[in-house]
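Novice: Shown below is the structure under consideration.
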Amino acid sequence: MNTDYKVGDLIYDANIYDGLNTFLSDLQFYKKWLPKNKEAKILELCCGTGRLTVPIAKAGYNICGVDYTSSMLEQAKVKASEAGLEINFIEADIRSLNLQEKFDFIFIPFNSIHHLYKNEDLFKAFNGVKNYLKEEGLFLLDCFNPNIQYIVEGEKEQKKIAEYTTKDGRAVLIKQTMRYESATQINRIEWHYFINGEFHSIQNLDMRLFFPQELDSYLEGAGFEIIHKFGSFEEERFENKSEKQIFVCKTM
């Protein structure tokens, strides 16, 4: 079994990434849960190009963004500069954080934990959050609720999932294939990129799936109390058909 799980470099090309990820449906949810005190210290893990970091900073919050992809952080810094903001962006792996302060609010948005492929990776990330979260602080994260039917359908044929033009003028078409490994709970996703009308490359977007009771127990085992578990960013109750698993936690 091939265990070389990864996300392809082109997926993390900053302009390719931003052209695809223009939605902000999660922003209002995270902003709602931010501390009322604007002096509170906020930490976003896996911040990418600052899609959420920059608007939260614009709202007057002291936020720090962490990501391990340098090209994404460079884009985030440009966005912050254009907005006249000073944001501390740190290039680091969330499994081995070495920060100098604690935070009132820590969040891991945008399904990012799906790229922690082994349990030990997830536990290291959760331990890091616990180490840097203040005693009364909140920890939030979101991820998918595994949909076996969707995976089965996705294995049958290649599907077009996006078509757009990047900020730097590239016409992008993405088609998707997937293959699920039940032994490892990894969904082996391949994105087939066509740039300016020509086939460019196949990029991996491997994702570890976390089933609901499993993830609940992992959070609790890491020392977090689940205050709320929602099935959408509109705070609908989590249930069987929910697309998302969205957690609001505090330390026990």
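Identifiers for the structure tokens are assigned positionally: chains receive A, B, ... in sequence, residues are indexed from 1 per chain, and ligands are indexed from 1 in the order shown.
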Identify, on the basis of only C-alpha atoms, every residue whose closest approach to A:Thr166 does not exceed 8 Å; exclude the query and any residue fewer than 5 positions from it along the same chain; express the result as a ChimeraX atom specification.

Specialist: /A:15-16,18-19,171-172

Novice: Contacts of A:Lys6 at 7 Å or less, counting only C-alpha atoms, minus same-chain residues fewer than 2 places along, as a list in words?

Specialist: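 Those residues are Asp4, Gly8, Asn204, Leu205 and Asp206 of chain A.
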
Novice: Would you export the selected residues with N, CA, C and O atoms as an mmCIF file, in the first residue's frame, please?

Specialist:
```
data_model
loop_
_atom_site.group_PDB
_atom_site.id
_atom_site.type_symbol
_atom_site.label_atom_id
_atom_site.label_comp_id
_atom_site.auth_asym_id
_atom_site.auth_seq_id
_atom_site.Cartn_x
_atom_site.Cartn_y
_atom_site.Cartn_z
ATOM 1 N N ASP A 4 2.511 7.313 0.676
ATOM 2 C CA ASP A 4 3.087 8.624 0.392
ATOM 3 C C ASP A 4 1.954 9.630 0.195
ATOM 4 O O ASP A 4 1.681 10.082 -0.908
ATOM 5 N N GLY A 8 -0.511 18.157 -3.598
ATOM 6 C CA GLY A 8 0.368 18.576 -4.681
ATOM 7 C C GLY A 8 0.747 20.048 -4.620
ATOM 8 O O GLY A 8 -0.011 20.885 -4.126
ATOM 9 N N ASN A 204 -2.090 15.420 -6.284
ATOM 10 C CA ASN A 204 -2.742 14.696 -5.191
ATOM 11 C C ASN A 204 -3.356 15.653 -4.177
ATOM 12 O O ASN A 204 -2.757 16.679 -3.837
ATOM 13 N N LEU A 205 -4.536 15.295 -3.708
ATOM 14 C CA LEU A 205 -5.166 16.005 -2.598
ATOM 15 C C LEU A 205 -5.668 14.961 -1.601
ATOM 16 O O LEU A 205 -6.856 14.809 -1.353
ATOM 17 N N ASP A 206 -4.749 14.190 -1.066
ATOM 18 C CA ASP A 206 -5.097 13.100 -0.157
ATOM 19 C C ASP A 206 -5.673 13.646 1.148
ATOM 20 O O ASP A 206 -5.147 14.611 1.714
#
```

Novice: Set the distance at 7 Å and use only C-alpha atoms: which residues neighbour stretch 53-55 of chain A once local chain neighbours fewer than 5 positions away are removed? I'd like the list as a compact mmCIF listing (two decimals) with N, CA, C and O atoms, in the first residue's frame.

Specialist:
```txt
# COMPACT_ATOMS: atom_id res chain seq x y z
N CYS A 47 -3.35 28.78 8.13
CA CYS A 47 -4.02 30.02 7.69
C CYS A 47 -3.97 30.22 6.18
O CYS A 47 -4.67 31.09 5.65
N ILE A 63 -4.36 39.02 15.62
CA ILE A 63 -4.35 37.63 15.15
C ILE A 63 -3.00 37.27 14.57
O ILE A 63 -2.36 38.08 13.89
N GLY A 65 -1.08 34.19 12.26
CA GLY A 65 -1.38 33.10 11.35
C GLY A 65 -0.20 32.17 11.18
O GLY A 65 0.94 32.63 10.99
N ALA A 80 -2.08 41.40 3.58
CA ALA A 80 -2.06 42.20 4.79
C ALA A 80 -1.48 43.58 4.52
O ALA A 80 -2.01 44.61 4.98
```

Novice: List every residue of stretch 17-249 of chain A that DSSP, applied to the backbone of this structure, places in strand (DSSP E), and write the result as a ChimeraX atom specification.

Specialist: /A:41-45,62-67,88-91,103-108,133-144,159-165,171-181,186-195,198-204,207-208,224-230,244-249

Novice: A:Ile42, A:Val66, A:Ile174, A:Ile108: which is nearest A:Ile161, counting only C-alpha atoms?

Specialist: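 Counting only C-alpha atoms, the residue closest to A:Ile161 is A:Ile174.
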
Novice: To one decimal place, how far is atom CA of A:Leu116 from atom CA of A:Met207 in Å?

Specialist: 8.0 Å

Novice: Out of A:Asp67, A:Glu239, A:Glu44, A:Glu86, which residue has the shortest atom-to-atom distance to A:Asn145 when counting only C-alpha atoms?

Specialist: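 Closest to A:Asn145 of all the choices is A:Glu239.
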
Novice: For the structure I just gave you, how does DSSP split stretch 183-240 of chain A - specifically, which residues are alpha helix (DSSP H)? Reply as a VMD selection string.

Specialist: chain A and resid 212 to 221

Novice: Given only C-alpha atoms as the basis, pick out the residue of A:Val129, A:Tyr68, A:Glu181, A:Leu173 nearest to A:His200.

Specialist: A:Leu173

Novice: Which residues, written as number ranges by chain, have at least one atom at most 12 Å from A:Ile94, with only C-alpha atoms counted and residues fewer than 3 positions away on the same chain left out?

Specialist: A: 43-47, 65-69, 90-91, 97-99, 106-108, 112-113, 115-116, 121-132

Novice: Near A:Gln213, counting only C-alpha atoms, which residues have an atom at most 12 Å away, once you skip same-chain residues fewer than 2 positions from it, shown as a list in words?

Specialist: Asn145, Pro146, Phe210, Phe211, Leu215, Asp216, Ser217, Tyr218, Leu219, Glu220, Lys229, Phe238, Glu239, Asn240 and Gln245 of chain A

Novice: Using only C-alpha atoms, pick whichever of A:Arg51, A:Arg95, A:Lys159, A:Lys134 has the shortest atom-to-atom distance to A:Val78.

Specialist: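 Selected residue with least distance to A:Val78: A:Arg51.
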